[in-house]
file query_15.txt (compact mmCIF, C-alpha atoms)
# COMPACT_ATOMS: atom_id res chain seq x y z
CA MET S 27 -38.13 -11.21 23.86
CA GLU S 28 -34.56 -11.45 25.09
CA ALA S 29 -33.37 -9.18 22.24
CA ILE S 30 -36.12 -6.67 23.08
CA LEU S 31 -35.25 -6.60 26.79
CA LYS S 32 -31.52 -6.33 26.14
CA LYS S 33 -30.30 -2.87 27.16
CA PRO S 34 -28.06 -0.92 24.81
CA LYS S 35 -24.46 -0.49 25.90
CA ALA S 36 -23.52 2.61 27.83
CA PHE S 37 -21.39 4.99 25.76
CA TYR S 38 -18.28 4.13 27.79
CA GLN S 39 -18.71 0.44 26.95
CA THR S 40 -18.53 0.91 23.18
CA THR S 41 -15.41 0.32 21.10
CA THR S 42 -15.85 3.74 19.50
CA PHE S 43 -15.54 5.47 22.88
CA TRP S 44 -12.37 3.58 23.77
CA ILE S 45 -10.86 4.28 20.36
CA PHE S 46 -11.31 8.03 20.84
CA PHE S 47 -10.06 7.71 24.40
CA ALA S 48 -6.99 5.83 23.13
CA MET S 49 -6.33 8.57 20.56
CA ILE S 50 -6.40 11.29 23.23
CA ILE S 51 -4.17 9.34 25.64
CA GLY S 52 -1.85 8.46 22.76
CA VAL S 53 -1.36 12.13 21.89
CA LEU S 54 -0.73 13.08 25.52
CA LEU S 55 1.70 10.26 26.35
CA GLY S 56 3.45 10.51 22.99
CA GLY S 57 4.05 14.20 23.61
CA LEU S 58 5.25 13.60 27.18
CA PHE S 59 7.70 10.87 26.13
CA PRO S 60 9.72 12.03 23.07
CA SER S 61 11.56 9.15 21.42
CA ASP S 62 15.02 10.67 21.88
CA GLN S 63 14.57 11.06 25.65
CA TYR S 64 12.47 7.98 26.40
CA PRO S 65 13.49 5.26 23.91
CA THR S 66 11.96 2.47 26.02
CA MET S 67 8.52 4.09 25.98
CA TYR S 68 8.87 4.76 22.26
CA GLU S 69 9.65 1.08 21.65
CA LEU S 70 6.61 0.10 23.74
CA PHE S 71 4.36 2.36 21.67
CA LYS S 72 5.83 0.91 18.48
CA PHE S 73 5.40 -2.66 19.77
CA LEU S 74 1.66 -2.15 20.38
CA ALA S 75 1.15 -0.73 16.89
CA LYS S 76 3.26 -3.41 15.17
CA ALA S 77 1.60 -6.26 17.09
CA PHE S 78 -1.82 -5.09 15.97
CA ILE S 79 -0.65 -4.71 12.38
CA SER S 80 0.86 -8.22 12.48
CA LEU S 81 -2.52 -9.62 13.51
CA ILE S 82 -4.13 -7.77 10.61
CA LYS S 83 -1.54 -9.18 8.19
CA GLY S 84 -2.46 -12.67 9.35
CA LEU S 85 -6.02 -12.09 8.16
CA ILE S 86 -5.18 -11.23 4.59
CA ILE S 87 -5.10 -14.56 2.74
CA PRO S 88 -7.86 -16.57 4.48
CA LEU S 89 -10.23 -13.59 4.65
CA LEU S 90 -9.80 -12.50 1.05
CA VAL S 91 -9.83 -15.99 -0.45
CA SER S 92 -12.95 -17.13 1.39
CA THR S 93 -14.96 -13.95 0.86
CA ILE S 94 -14.05 -13.59 -2.82
CA ILE S 95 -14.86 -17.24 -3.61
CA VAL S 96 -18.20 -16.98 -1.80
CA GLY S 97 -18.99 -13.59 -3.35
CA VAL S 98 -18.23 -14.76 -6.89
CA ALA S 99 -20.00 -18.11 -6.41
CA GLN S 100 -23.12 -16.32 -5.18
CA THR S 101 -23.31 -14.45 -8.46
CA GLY S 102 -24.58 -17.73 -9.84
CA ASP S 103 -27.86 -16.12 -8.83
CA VAL S 104 -27.24 -13.51 -11.50
CA LYS S 105 -28.17 -16.03 -14.22
CA ALA S 106 -31.44 -16.82 -12.51
CA LEU S 107 -32.21 -13.18 -11.87
CA GLY S 108 -31.06 -12.37 -15.39
CA ARG S 109 -31.55 -8.76 -16.36
CA MET S 110 -31.70 -7.43 -12.80
CA GLY S 111 -28.42 -9.05 -11.77
CA ALA S 112 -26.55 -7.77 -14.81
CA LYS S 113 -27.81 -4.23 -14.26
CA ALA S 114 -26.84 -4.36 -10.60
CA LEU S 115 -23.28 -5.49 -11.34
CA ILE S 116 -22.86 -2.86 -14.06
CA TYR S 117 -24.09 -0.17 -11.68
CA PHE S 118 -21.74 -1.39 -8.92
CA GLU S 119 -18.69 -1.23 -11.14
CA VAL S 120 -19.54 2.18 -12.63
CA VAL S 121 -20.09 3.83 -9.25
CA THR S 122 -17.08 2.24 -7.52
CA THR S 123 -14.91 3.28 -10.48
CA LEU S 124 -16.15 6.86 -10.14
CA ALA S 125 -15.38 6.68 -6.41
CA LEU S 126 -11.85 5.48 -7.12
CA PHE S 127 -11.17 8.30 -9.57
CA ILE S 128 -12.54 10.87 -7.12
CA GLY S 129 -10.20 9.52 -4.44
CA LEU S 130 -7.29 9.59 -6.89
CA PHE S 131 -8.03 13.19 -7.91
CA ILE S 132 -8.39 14.47 -4.32
CA ALA S 133 -5.19 12.71 -3.20
CA ASN S 134 -3.15 14.23 -6.05
CA TRP S 135 -4.73 17.65 -5.58
CA ILE S 136 -4.54 18.10 -1.79
CA LYS S 137 -1.45 15.87 -1.30
CA PRO S 138 -2.24 14.91 2.32
CA GLY S 139 0.87 12.71 2.66
CA GLU S 140 3.53 15.31 1.87
CA ASN S 141 4.22 16.28 5.49
CA LEU S 142 3.11 13.17 7.35
CA PRO S 143 5.88 11.38 9.29
CA LEU S 144 6.65 7.90 7.95
CA ASP S 145 8.97 5.65 9.95
CA LEU S 146 10.56 3.46 7.27
CA SER S 147 12.09 1.22 9.95
CA GLN S 148 8.60 -0.30 10.18
CA GLN S 149 9.28 -2.18 6.96
CA SER S 150 10.88 -5.21 8.62
CA GLY S 151 7.92 -7.55 8.10
CA LEU S 152 7.00 -7.16 4.46
CA VAL S 153 8.69 -8.11 1.26
CA LYS S 154 9.40 -4.96 -0.70
CA ALA S 155 8.38 -5.06 -4.32
CA ASN S 156 10.00 -3.18 -7.13
CA ILE S 157 7.79 -0.95 -9.22
CA GLN S 158 6.89 -2.99 -12.28
CA SER S 159 6.06 -1.96 -15.82
CA GLY S 160 2.54 -2.29 -17.15
CA TRP S 161 3.36 -5.52 -19.04
CA GLU S 162 5.08 -7.04 -16.01
CA ILE S 163 2.06 -6.27 -13.84
CA ALA S 164 -0.28 -7.72 -16.47
CA GLN S 165 1.77 -10.92 -16.66
CA HIS S 166 2.12 -11.10 -12.90
CA VAL S 167 -1.63 -11.30 -12.26
CA PHE S 168 -1.76 -14.88 -13.57
CA PRO S 169 -1.32 -17.23 -10.59
CA SER S 170 1.36 -19.89 -11.01
CA ASN S 171 1.60 -21.23 -7.45
CA PHE S 172 -1.20 -20.25 -5.10
CA PHE S 173 0.62 -21.27 -1.93
CA LYS S 174 3.81 -19.46 -2.90
CA HIS S 175 1.86 -16.30 -3.74
CA ALA S 176 0.03 -16.58 -0.41
CA ALA S 177 3.25 -17.12 1.55
CA ASP S 178 4.91 -14.15 -0.15
CA GLY S 179 1.92 -11.90 0.51
CA ASP S 180 1.48 -11.56 -3.24
CA ILE S 181 -2.18 -10.61 -3.21
CA LEU S 182 -3.12 -9.90 -6.82
CA PRO S 183 -2.54 -13.45 -8.19
CA VAL S 184 -4.29 -14.82 -5.10
CA VAL S 185 -7.33 -12.66 -5.88
CA ILE S 186 -7.34 -13.83 -9.51
CA PHE S 187 -7.11 -17.46 -8.37
CA ALA S 188 -9.98 -17.00 -5.91
CA THR S 189 -12.10 -15.27 -8.58
CA LEU S 190 -11.55 -18.05 -11.13
CA PHE S 191 -12.12 -20.68 -8.43
CA GLY S 192 -15.45 -19.04 -7.56
CA ILE S 193 -16.49 -18.99 -11.23
CA ALA S 194 -15.59 -22.67 -11.61
CA LEU S 195 -17.54 -23.45 -8.44
CA THR S 196 -20.71 -21.98 -9.92
CA GLN S 197 -20.46 -24.43 -12.85
CA LEU S 198 -20.79 -27.49 -10.60
CA GLY S 199 -24.28 -26.77 -9.33
CA GLU S 200 -25.30 -29.08 -6.48
CA ARG S 201 -22.02 -31.01 -6.66
CA GLY S 202 -20.15 -27.87 -5.70
CA LYS S 203 -22.37 -27.09 -2.73
CA PRO S 204 -20.14 -28.82 -0.11
CA VAL S 205 -17.16 -26.80 -1.32
CA PHE S 206 -19.21 -23.61 -1.30
CA ASN S 207 -20.44 -24.37 2.21
CA PHE S 208 -16.84 -24.91 3.36
CA PHE S 209 -15.68 -21.51 2.09
CA ASP S 210 -18.86 -19.85 3.33
CA SER S 211 -18.20 -21.28 6.80
CA LEU S 212 -14.54 -20.25 6.55
CA ALA S 213 -15.61 -16.72 5.64
CA GLN S 214 -17.94 -16.59 8.66
CA VAL S 215 -15.18 -17.88 10.94
CA MET S 216 -12.79 -15.27 9.56
CA PHE S 217 -15.35 -12.52 10.16
CA LYS S 218 -15.62 -13.64 13.79
CA TYR S 219 -11.85 -13.99 14.09
CA THR S 220 -11.45 -10.49 12.68
CA ASP S 221 -14.07 -9.21 15.08
CA LEU S 222 -12.03 -10.60 17.99
CA ILE S 223 -8.90 -8.84 16.75
CA MET S 224 -10.78 -5.60 16.19
CA LYS S 225 -11.82 -5.60 19.84
CA ILE S 226 -8.23 -4.70 20.69
CA THR S 227 -8.21 -1.87 18.15
CA PRO S 228 -7.95 0.77 20.93
CA PHE S 229 -4.55 -0.67 21.92
CA GLY S 230 -3.35 -0.58 18.32
CA VAL S 231 -4.65 2.96 17.84
CA PHE S 232 -3.01 4.07 21.10
CA GLY S 233 0.32 2.57 20.09
CA ALA S 234 0.20 3.99 16.57
CA ILE S 235 -0.62 7.55 17.52
CA ALA S 236 1.64 7.53 20.59
CA TYR S 237 4.72 6.40 18.70
CA ASN S 238 4.00 8.84 15.83
CA VAL S 239 3.60 11.70 18.29
CA SER S 240 6.66 10.54 20.30
CA HIS S 241 8.73 10.43 17.12
CA MET S 242 7.53 13.88 16.08
CA ALA S 243 8.07 15.36 19.57
CA ALA S 244 11.75 14.39 19.39
CA GLY S 245 12.19 17.05 16.74
CA GLN S 246 11.45 17.63 13.08
CA THR S 247 12.64 20.07 10.45
CA ILE S 248 9.60 21.99 9.18
CA ASN S 249 10.17 24.47 6.36
CA GLY S 250 13.86 24.63 7.22
CA VAL S 251 13.26 25.17 10.97
CA PHE S 252 13.98 22.43 13.54
CA ILE S 253 11.21 22.21 16.16
CA THR S 254 10.67 19.86 19.09
CA GLY S 255 8.08 19.15 21.78
CA TRP S 256 4.49 20.26 21.59
CA PRO S 257 4.95 22.60 18.59
CA ALA S 258 6.09 19.56 16.61
CA VAL S 259 3.13 17.57 17.95
CA ALA S 260 0.76 20.36 16.89
CA HIS S 261 2.24 20.20 13.39
CA LEU S 262 1.63 16.44 13.28
CA LEU S 263 -2.00 16.84 14.36
CA LYS S 264 -2.45 19.48 11.69
CA GLN S 265 -1.18 17.06 9.02
CA TYR S 266 -3.48 14.31 10.25
CA ALA S 267 -6.36 16.79 10.18
CA ILE S 268 -5.54 17.48 6.51
CA LEU S 269 -5.65 13.73 5.79
CA ILE S 270 -8.99 13.27 7.58
CA GLY S 271 -10.39 16.37 5.91
CA SER S 272 -9.26 15.09 2.50
CA LEU S 273 -11.22 11.87 2.94
CA TYR S 274 -14.36 13.54 4.28
CA PHE S 275 -14.22 16.06 1.46
CA ALA S 276 -13.76 13.32 -1.14
CA LEU S 277 -16.70 11.35 0.28
CA ALA S 278 -18.84 14.50 0.24
CA VAL S 279 -17.88 15.03 -3.41
CA LEU S 280 -18.95 11.45 -4.14
CA VAL S 281 -22.34 12.00 -2.51
CA VAL S 282 -22.93 15.36 -4.21
CA LEU S 283 -21.61 14.54 -7.69
CA VAL S 284 -22.68 10.88 -7.94
CA PHE S 285 -25.31 9.84 -5.38
CA ILE S 286 -27.59 12.88 -5.63
CA PRO S 287 -27.58 13.07 -9.47
CA VAL S 288 -28.40 9.32 -9.59
CA LEU S 289 -31.38 9.93 -7.29
CA LEU S 290 -32.54 12.83 -9.43
CA VAL S 291 -32.24 10.81 -12.64
CA CYS S 292 -34.32 8.04 -11.06
CA GLY S 293 -36.96 10.57 -9.99
CA VAL S 294 -36.46 9.81 -6.28
CA ARG S 295 -36.77 12.56 -3.70
CA VAL S 296 -33.27 13.27 -2.36
CA TRP S 297 -34.37 14.35 1.12
CA GLY S 298 -36.77 11.42 1.38
CA PHE S 299 -33.99 8.94 0.55
CA PHE S 300 -31.51 10.28 3.10
CA LYS S 301 -34.24 10.57 5.73
CA ALA S 302 -35.27 6.95 5.16
CA LEU S 303 -31.68 5.72 5.56
CA LYS S 304 -30.87 7.89 8.57
CA ASP S 305 -30.92 5.06 11.14
CA PRO S 306 -28.74 2.52 9.27
CA ALA S 307 -26.32 5.34 8.36
CA LEU S 308 -26.00 6.33 12.04
CA THR S 309 -25.46 2.68 12.97
CA ALA S 310 -22.72 2.38 10.36
CA PHE S 311 -21.08 5.61 11.54
CA SER S 312 -21.07 4.66 15.22
CA THR S 313 -19.94 1.03 14.74
CA ALA S 314 -17.74 1.48 11.64
CA SER S 315 -19.25 -1.77 10.33
CA SER S 316 -21.54 -2.08 7.32
CA GLU S 317 -22.59 -5.51 8.56
CA ALA S 318 -23.99 -4.06 11.77
CA ALA S 319 -26.25 -1.80 9.70
CA LEU S 320 -27.41 -4.54 7.31
CA PRO S 321 -30.68 -5.60 9.02
CA LYS S 322 -31.87 -2.01 9.47
CA LEU S 323 -30.76 -1.07 5.95
CA PHE S 324 -32.79 -3.90 4.43
CA GLU S 325 -35.83 -2.95 6.53
CA GLU S 326 -35.67 0.72 5.61
CA VAL S 327 -35.15 0.33 1.85
CA VAL S 328 -38.11 -2.08 1.69
CA ARG S 329 -40.16 0.40 3.67
CA PHE S 330 -38.98 3.10 1.28
CA GLY S 331 -40.55 1.20 -1.60
CA VAL S 332 -37.94 -1.27 -2.90
CA PRO S 333 -39.47 -4.76 -3.44
CA LYS S 334 -38.12 -7.40 -1.06
CA GLN S 335 -36.84 -9.66 -3.83
CA ILE S 336 -34.76 -6.80 -5.28
CA ALA S 337 -33.45 -5.61 -1.92
CA GLY S 338 -32.69 -9.21 -0.95
CA PHE S 339 -30.42 -9.62 -3.98
CA VAL S 340 -28.90 -6.16 -4.46
CA ILE S 341 -27.93 -5.32 -0.87
CA PRO S 342 -26.05 -8.56 0.01
CA THR S 343 -24.37 -8.54 -3.41
CA GLY S 344 -23.51 -4.88 -2.92
CA TYR S 345 -21.75 -5.74 0.33
CA SER S 346 -19.18 -7.57 -1.82
CA PHE S 347 -19.17 -5.48 -5.00
CA ASN S 348 -20.34 -1.97 -4.08
CA LEU S 349 -17.95 -0.54 -1.47
CA ASP S 350 -18.04 3.09 -2.60
CA GLY S 351 -16.56 4.68 0.52
CA SER S 352 -13.95 1.99 1.11
CA THR S 353 -12.73 1.88 -2.49
CA LEU S 354 -12.36 5.66 -2.52
CA TYR S 355 -10.31 5.50 0.67
CA LEU S 356 -8.07 2.70 -0.61
CA VAL S 357 -6.64 4.75 -3.44
CA LEU S 358 -6.50 7.99 -1.41
CA ALA S 359 -4.66 6.21 1.42
CA SER S 360 -2.21 4.47 -0.93
CA VAL S 361 -1.31 7.68 -2.75
CA THR S 362 -0.91 9.32 0.67
CA ILE S 363 1.55 6.57 1.69
CA ASN S 364 3.46 7.10 -1.55
CA GLN S 365 3.66 10.85 -0.91
CA ALA S 366 4.87 10.36 2.68
CA ALA S 367 7.42 7.72 1.60
CA HIS S 368 8.72 10.00 -1.16
CA ALA S 369 9.16 12.82 1.35
CA ALA S 370 11.08 10.47 3.68
CA ASN S 371 13.26 8.85 0.98
CA PRO S 372 12.84 10.28 -2.54
CA THR S 373 15.44 7.93 -4.04
CA GLN S 374 13.96 4.66 -2.79
CA TYR S 375 10.31 5.71 -3.14
CA PRO S 376 9.69 7.87 -6.23
CA LEU S 377 6.24 9.30 -6.79
CA MET S 378 4.05 6.88 -8.74
CA SER S 379 3.26 7.78 -12.32
CA LEU S 380 -0.35 8.34 -13.34
CA TRP S 381 -0.29 5.01 -15.21
CA THR S 382 0.88 3.14 -12.11
CA GLN S 383 -1.78 4.85 -10.02
CA ILE S 384 -4.48 3.80 -12.51
CA VAL S 385 -3.21 0.19 -12.51
CA MET S 386 -3.28 0.26 -8.70
CA LEU S 387 -6.80 1.68 -8.87
CA LEU S 388 -7.93 -1.22 -11.06
CA THR S 389 -6.24 -3.65 -8.68
CA PHE S 390 -8.19 -2.22 -5.76
CA MET S 391 -11.39 -2.86 -7.71
CA LEU S 392 -10.62 -6.57 -7.28
CA THR S 393 -8.97 -6.70 -3.86
CA SER S 394 -11.67 -4.61 -2.16
CA LYS S 395 -14.46 -7.13 -2.77
CA GLY S 396 -16.10 -8.97 0.07
CA VAL S 397 -14.95 -7.37 3.32
CA ALA S 398 -17.46 -4.56 3.87
CA GLY S 399 -18.71 -6.08 7.13
CA VAL S 400 -15.33 -5.98 8.87
CA PRO S 401 -14.36 -2.84 10.79
CA ARG S 402 -11.17 -1.29 9.39
CA ALA S 403 -10.86 -4.09 6.82
CA THR S 404 -9.32 -1.60 4.38
CA LEU S 405 -6.10 -1.85 6.39
CA VAL S 406 -5.95 -5.50 5.39
CA ILE S 407 -6.41 -4.60 1.73
CA ILE S 408 -3.79 -1.82 1.83
CA VAL S 409 -1.17 -4.07 3.44
CA GLY S 410 -1.86 -6.80 0.90
CA THR S 411 -1.96 -4.63 -2.21
CA ALA S 412 0.24 -1.56 -1.72
CA SER S 413 3.49 -3.52 -1.32
CA ASN S 414 3.02 -4.90 -4.83
CA PHE S 415 3.45 -1.34 -6.14
CA GLY S 416 6.70 -0.56 -4.35
CA LEU S 417 5.04 1.14 -1.37
CA PRO S 418 6.15 0.71 2.27
CA ALA S 419 2.78 -0.79 3.18
CA GLU S 420 3.54 -1.79 6.77
CA ALA S 421 4.99 1.60 7.71
CA GLY S 422 2.18 3.31 5.82
CA VAL S 423 -0.54 1.40 7.66
CA ALA S 424 1.17 2.20 10.97
CA MET S 425 1.00 5.87 9.98
CA LEU S 426 -2.67 5.66 8.95
CA LEU S 427 -3.75 3.55 11.91
CA ALA S 428 -3.47 6.50 14.27
CA VAL S 429 -6.55 8.14 12.72
CA ASP S 430 -8.04 5.27 10.73
CA SER S 431 -10.97 4.89 13.13
CA VAL S 432 -12.16 8.44 12.48
CA MET S 433 -11.93 7.89 8.74
CA ASP S 434 -13.48 4.42 8.89
CA MET S 435 -16.74 5.75 10.35
CA ALA S 436 -17.24 8.08 7.39
CA ARG S 437 -16.34 5.62 4.63
CA THR S 438 -18.52 2.89 6.20
CA THR S 439 -21.48 5.28 6.27
CA VAL S 440 -21.00 5.98 2.57
CA ASN S 441 -20.82 2.21 1.92
CA VAL S 442 -24.25 1.79 3.53
CA LEU S 443 -25.78 4.74 1.71
CA GLY S 444 -24.32 3.47 -1.56
CA ASN S 445 -25.87 0.03 -1.14
CA GLY S 446 -29.23 1.52 -0.26
CA LEU S 447 -29.00 3.71 -3.36
CA ALA S 448 -28.09 0.70 -5.52
CA SER S 449 -31.26 -1.14 -4.47
CA VAL S 450 -33.35 1.93 -5.32
CA VAL S 451 -31.65 2.30 -8.72
CA VAL S 452 -32.20 -1.33 -9.67
CA ALA S 453 -35.83 -1.12 -8.54
CA CYS S 454 -36.29 1.95 -10.73
CA TRP S 455 -34.66 0.23 -13.71
CA GLU S 456 -36.98 -2.72 -13.19
CA LYS S 457 -39.92 -0.26 -12.98
CA SER S 458 -40.74 -1.70 -9.56
CA PHE S 459 -40.22 1.39 -7.42
CA PRO S 460 -43.49 3.22 -6.57
CA VAL S 461 -42.11 6.73 -6.07
CA HIS S 462 -45.57 8.29 -5.80
CA VAL S 463 -46.65 5.76 -3.16
CA LYS S 464 -43.58 6.42 -1.05
CA SER S 465 -44.08 10.15 -1.39
CA ASP S 466 -47.61 9.78 0.01
CA ILE S 467 -46.26 7.75 2.94
CA LEU S 468 -43.65 10.38 3.71
CA GLU S 469 -46.25 13.12 3.60
CA GLU S 470 -48.50 11.20 6.02
CA GLU S 471 -45.58 10.66 8.41
CA GLU S 472 -44.57 14.30 8.29
CA ALA S 473 -48.18 15.37 8.91
call {"tool": "encode", "arguments": {"input": "query_15.txt", "output": "structure tokens"}}
result
Amino acid sequence: MEAILKKPKAFYQTTTFWIFFAMIIGVLLGGLFPSDQYPTMYELFKFLAKAFISLIKGLIIPLLVSTIIVGVAQTGDVKALGRMGAKALIYFEVVTTLALFIGLFIANWIKPGENLPLDLSQQSGLVKANIQSGWEIAQHVFPSNFFKHAADGDILPVVIFATLFGIALTQLGERGKPVFNFFDSLAQVMFKYTDLIMKITPFGVFGAIAYNVSHMAAGQTINGVFITGWPAVAHLLKQYAILIGSLYFALAVLVVLVFIPVLLVCGVRVWGFFKALKDPALTAFSTASSEAALPKLFEEVVRFGVPKQIAGFVIPTGYSFNLDGSTLYLVLASVTINQAAHAANPTQYPLMSLWTQIVMLLTFMLTSKGVAGVPRATLVIIVGTASNFGLPAEAGVAMLLAVDSVMDMARTTVNVLGNGLASVVVACWEKSFPVHVKSDILEEEEA
């Protein structure tokens, strides 16, 4: 009764409103206080952005370790569910791989990072890694000292350790339950801790965009012409618009070239599917959190015709293994950082080869698991992974943070749609999805 009587928040009380408000104020104040004329204000803007990023960096190890161990250990259910679990995991990996390659293609085609400003002085807090050969990367993934890797921010061996630990945990059965419960509780605590940090996202967004705009307003050479003030700010906003447009376009390509053909192959009405998932998709878009949309997503896919036992397995598992929008963004954002870093310092930051990009893509397939419910969790993954490939991750995240909220809403929506689609696909494979029954229901509702 209390939940029913609880009034929804007014629009000005939502985090989304304050994030957009912070973006607008950040642009205005950044333009009014160029860094060369107002160095104190510029340092204040930079402090707000760096403080927020430092809090995000502190989440990396405990959040990833706990969620990966729990996610892998829960796949012990795959044995019991047998055929259905195997099909679900295969589908997850195929679709997320397609999403990664779409992001990689769009990033290399549009090149959104070429003219974005990257302040390489932001690299004070991270250990820079040299670009490694394929064999060195392959050897490096094997964890030798978990605590040393964690302290160094060396994410890939930590992920491998957590994955193997989760697999070992599944072999213990009931004896491993206390350990599983510990990491499950740790994961829940980290989600809450992250939620607390994300409440101050507007301050981080304000600082990030204000210091970027302030730096740009001090003057930049564009196509051989030195410009300052608001013309320089307008150029910066144009470049950010290209980045945002690149992501939205890539996500649209994913929906059109992957999601819709999958629906057609399964014999599911495309319009009926998107209409059924309208409410959870809007929730995901407005909150930028897949977790917030989970209850409504489960309700709607069951109502759409997916059996409860299939939805109950596929959707929670998909929240760890089927992050289509987020995985696409990870590789697009990282290539964008590489492009911006190369433009700022071509000698120190050469453009990554296609092989290195593919290895990074495969790395993101591991590091992206388990954090779909956390708003802007991809920033955590980028900081933890990109530095292993010679990228200025901290400076890059500071650059992306200015508009990350706008991009996060879109990629989270695609995450939710992708998980709803996965449950439908598995139900169809199991011959448990009554398409004709659902069609009759839709027709009755429309009548």
call {"tool": "residues_around", "arguments": {"input": "query_15.txt", "residues": "range 359-363 of chain S", "least_positions_apart": "6", "cutoff": "7 Å", "atoms": "all atoms listed in the file", "output": "ChimeraX atom specification"}}
result
/S:133,137-139,412,422
call {"tool": "write_last_selection", "arguments": {"input": "query_15.txt", "atoms": "C-alpha atoms", "output": "mmCIF file, keeping the file's coordinate frame"}}
result
data_model
loop_
_atom_site.group_PDB
_atom_site.id
_atom_site.type_symbol
_atom_site.label_atom_id
_atom_site.label_comp_id
_atom_site.auth_asym_id
_atom_site.auth_seq_id
_atom_site.Cartn_x
_atom_site.Cartn_y
_atom_site.Cartn_z
ATOM 1 C CA ALA S 133 -5.190 12.710 -3.200
ATOM 2 C CA LYS S 137 -1.450 15.870 -1.300
ATOM 3 C CA PRO S 138 -2.240 14.910 2.320
ATOM 4 C CA GLY S 139 0.870 12.710 2.660
ATOM 5 C CA ALA S 412 0.240 -1.560 -1.720
ATOM 6 C CA GLY S 422 2.180 3.310 5.820
#
call {"tool": "atom_distance", "arguments": {"input": "query_15.txt", "atom1": "CA of Asn238 in chain S", "atom2": "CA of Ser431 in chain S"}}
result
15.7 Å
call {"tool": "atom_distance", "arguments": {"input": "query_15.txt", "atom1": "CA of Gly293 in chain S", "atom2": "CA of Cys454 in chain S"}}
result
8.7 Å
call {"tool": "atom_distance", "arguments": {"input": "query_15.txt", "atom1": "CA of Phe71 in chain S", "atom2": "CA of Tyr237 in chain S"}}
result
5.0 Å
call {"tool": "closest_atom_pairs", "arguments": {"input": "query_15.txt", "of": "range 275-294 of chain S", "to": "range 441-445 of chain S", "cutoff": "10 Å", "atoms": "all atoms listed in the file", "output": "tab-separated table"}}
result
residue	atom	partner	partner_atom	distance
S:Leu280	CA	S:Gly444	CA	10.0
S:Val281	CA	S:Gly444	CA	8.8
S:Val284	CA	S:Gly444	CA	9.9
S:Phe285	CA	S:Gly444	CA	7.5
call {"tool": "write_last_selection", "arguments": {"input": "query_15.txt", "atoms": "C-alpha atoms", "output": "short mmCIF file (atom, residue, chain, number, x, y, z; two decimals), keeping the file's coordinate frame"}}
result
data_model
loop_
_atom_site.label_atom_id
_atom_site.label_comp_id
_atom_site.auth_asym_id
_atom_site.auth_seq_id
_atom_site.Cartn_x
_atom_site.Cartn_y
_atom_site.Cartn_z
CA LEU S 280 -18.95 11.45 -4.14
CA VAL S 281 -22.34 12.00 -2.51
CA VAL S 284 -22.68 10.88 -7.94
CA PHE S 285 -25.31 9.84 -5.38
#
call {"tool": "axis_aligned_box", "arguments": {"input": "query_15.txt", "around": "range 276-292 of chain S", "padding_each_side": "4 Å", "output": "JSON"}}
result
{"center_x": -24.0, "center_y": 11.7, "center_z": -6.2, "size_x": 28.6, "size_y": 15.3, "size_z": 20.9}
call {"tool": "residues_around", "arguments": {"input": "query_15.txt", "residues": "range 60-62 of chain S", "least_positions_apart": "6", "cutoff": "6 Å", "atoms": "only C-alpha atoms", "output": "list in words"}}
result
Tyr68, Ser240, His241, Ala243 and Ala244 of chain S
call {"tool": "closest_residue", "arguments": {"input": "query_15.txt", "among": "S:Val291, S:Lys72, S:Thr123, S:Leu142", "to": "Ile268 in chain S", "atoms": "only C-alpha atoms"}}
result
S:Leu142
call {"tool": "residues_around", "arguments": {"input": "query_15.txt", "residues": "Asp350 in chain S", "least_positions_apart": "3", "cutoff": "8 Å", "atoms": "all atoms listed in the file", "output": "JSON, numbers by chain"}}
result
{"S": [121, 122, 125, 353, 354, 437, 440, 441, 444]}
call {"tool": "closest_residue", "arguments": {"input": "query_15.txt", "among": "S:Ile226, S:Asn141, S:Ala369, S:Pro306", "to": "His261 in chain S", "atoms": "only C-alpha atoms"}}
result
S:Asn141
call {"tool": "closest_residue", "arguments": {"input": "query_15.txt", "among": "S:Val184, S:Ile79, S:Leu405, S:Ile95", "to": "Gly230 in chain S", "atoms": "all atoms listed in the file"}}
result
S:Ile79
call {"tool": "closest_residue", "arguments": {"input": "query_15.txt", "among": "S:Ala260, S:Phe330, S:Gly446, S:Phe47", "to": "Ala307 in chain S", "atoms": "all atoms listed in the file"}}
result
S:Gly446
call {"tool": "build_atoms", "arguments": {"input": "query_15.txt", "residues": "range 191-196 of chain S", "atoms": "N, CA and C atoms", "output": "PDB file, keeping the file's coordinate frame"}}
result
ATOM      1  N   PHE S 191     -11.629 -19.540  -9.209  1.00  0.00           N
ATOM      2  CA  PHE S 191     -12.120 -20.680  -8.430  1.00  0.00           C
ATOM      3  C   PHE S 191     -13.619 -20.520  -8.174  1.00  0.00           C
ATOM      4  N   GLY S 192     -14.034 -19.295  -7.811  1.00  0.00           N
ATOM      5  CA  GLY S 192     -15.450 -19.040  -7.560  1.00  0.00           C
ATOM      6  C   GLY S 192     -16.292 -19.237  -8.807  1.00  0.00           C
ATOM      7  N   ILE S 193     -15.764 -18.796  -9.965  1.00  0.00           N
ATOM      8  CA  ILE S 193     -16.490 -18.990 -11.230  1.00  0.00           C
ATOM      9  C   ILE S 193     -16.637 -20.473 -11.534  1.00  0.00           C
ATOM     10  N   ALA S 194     -15.532 -21.227 -11.355  1.00  0.00           N
ATOM     11  CA  ALA S 194     -15.590 -22.670 -11.610  1.00  0.00           C
ATOM     12  C   ALA S 194     -16.581 -23.350 -10.670  1.00  0.00           C
ATOM     13  N   LEU S 195     -16.639 -22.855  -9.432  1.00  0.00           N
ATOM     14  CA  LEU S 195     -17.540 -23.450  -8.440  1.00  0.00           C
ATOM     15  C   LEU S 195     -19.000 -23.300  -8.855  1.00  0.00           C
ATOM     16  N   THR S 196     -19.324 -22.192  -9.492  1.00  0.00           N
ATOM     17  CA  THR S 196     -20.710 -21.980  -9.920  1.00  0.00           C
ATOM     18  C   THR S 196     -21.127 -22.966 -11.010  1.00  0.00           C
TER      19      THR S 196
END
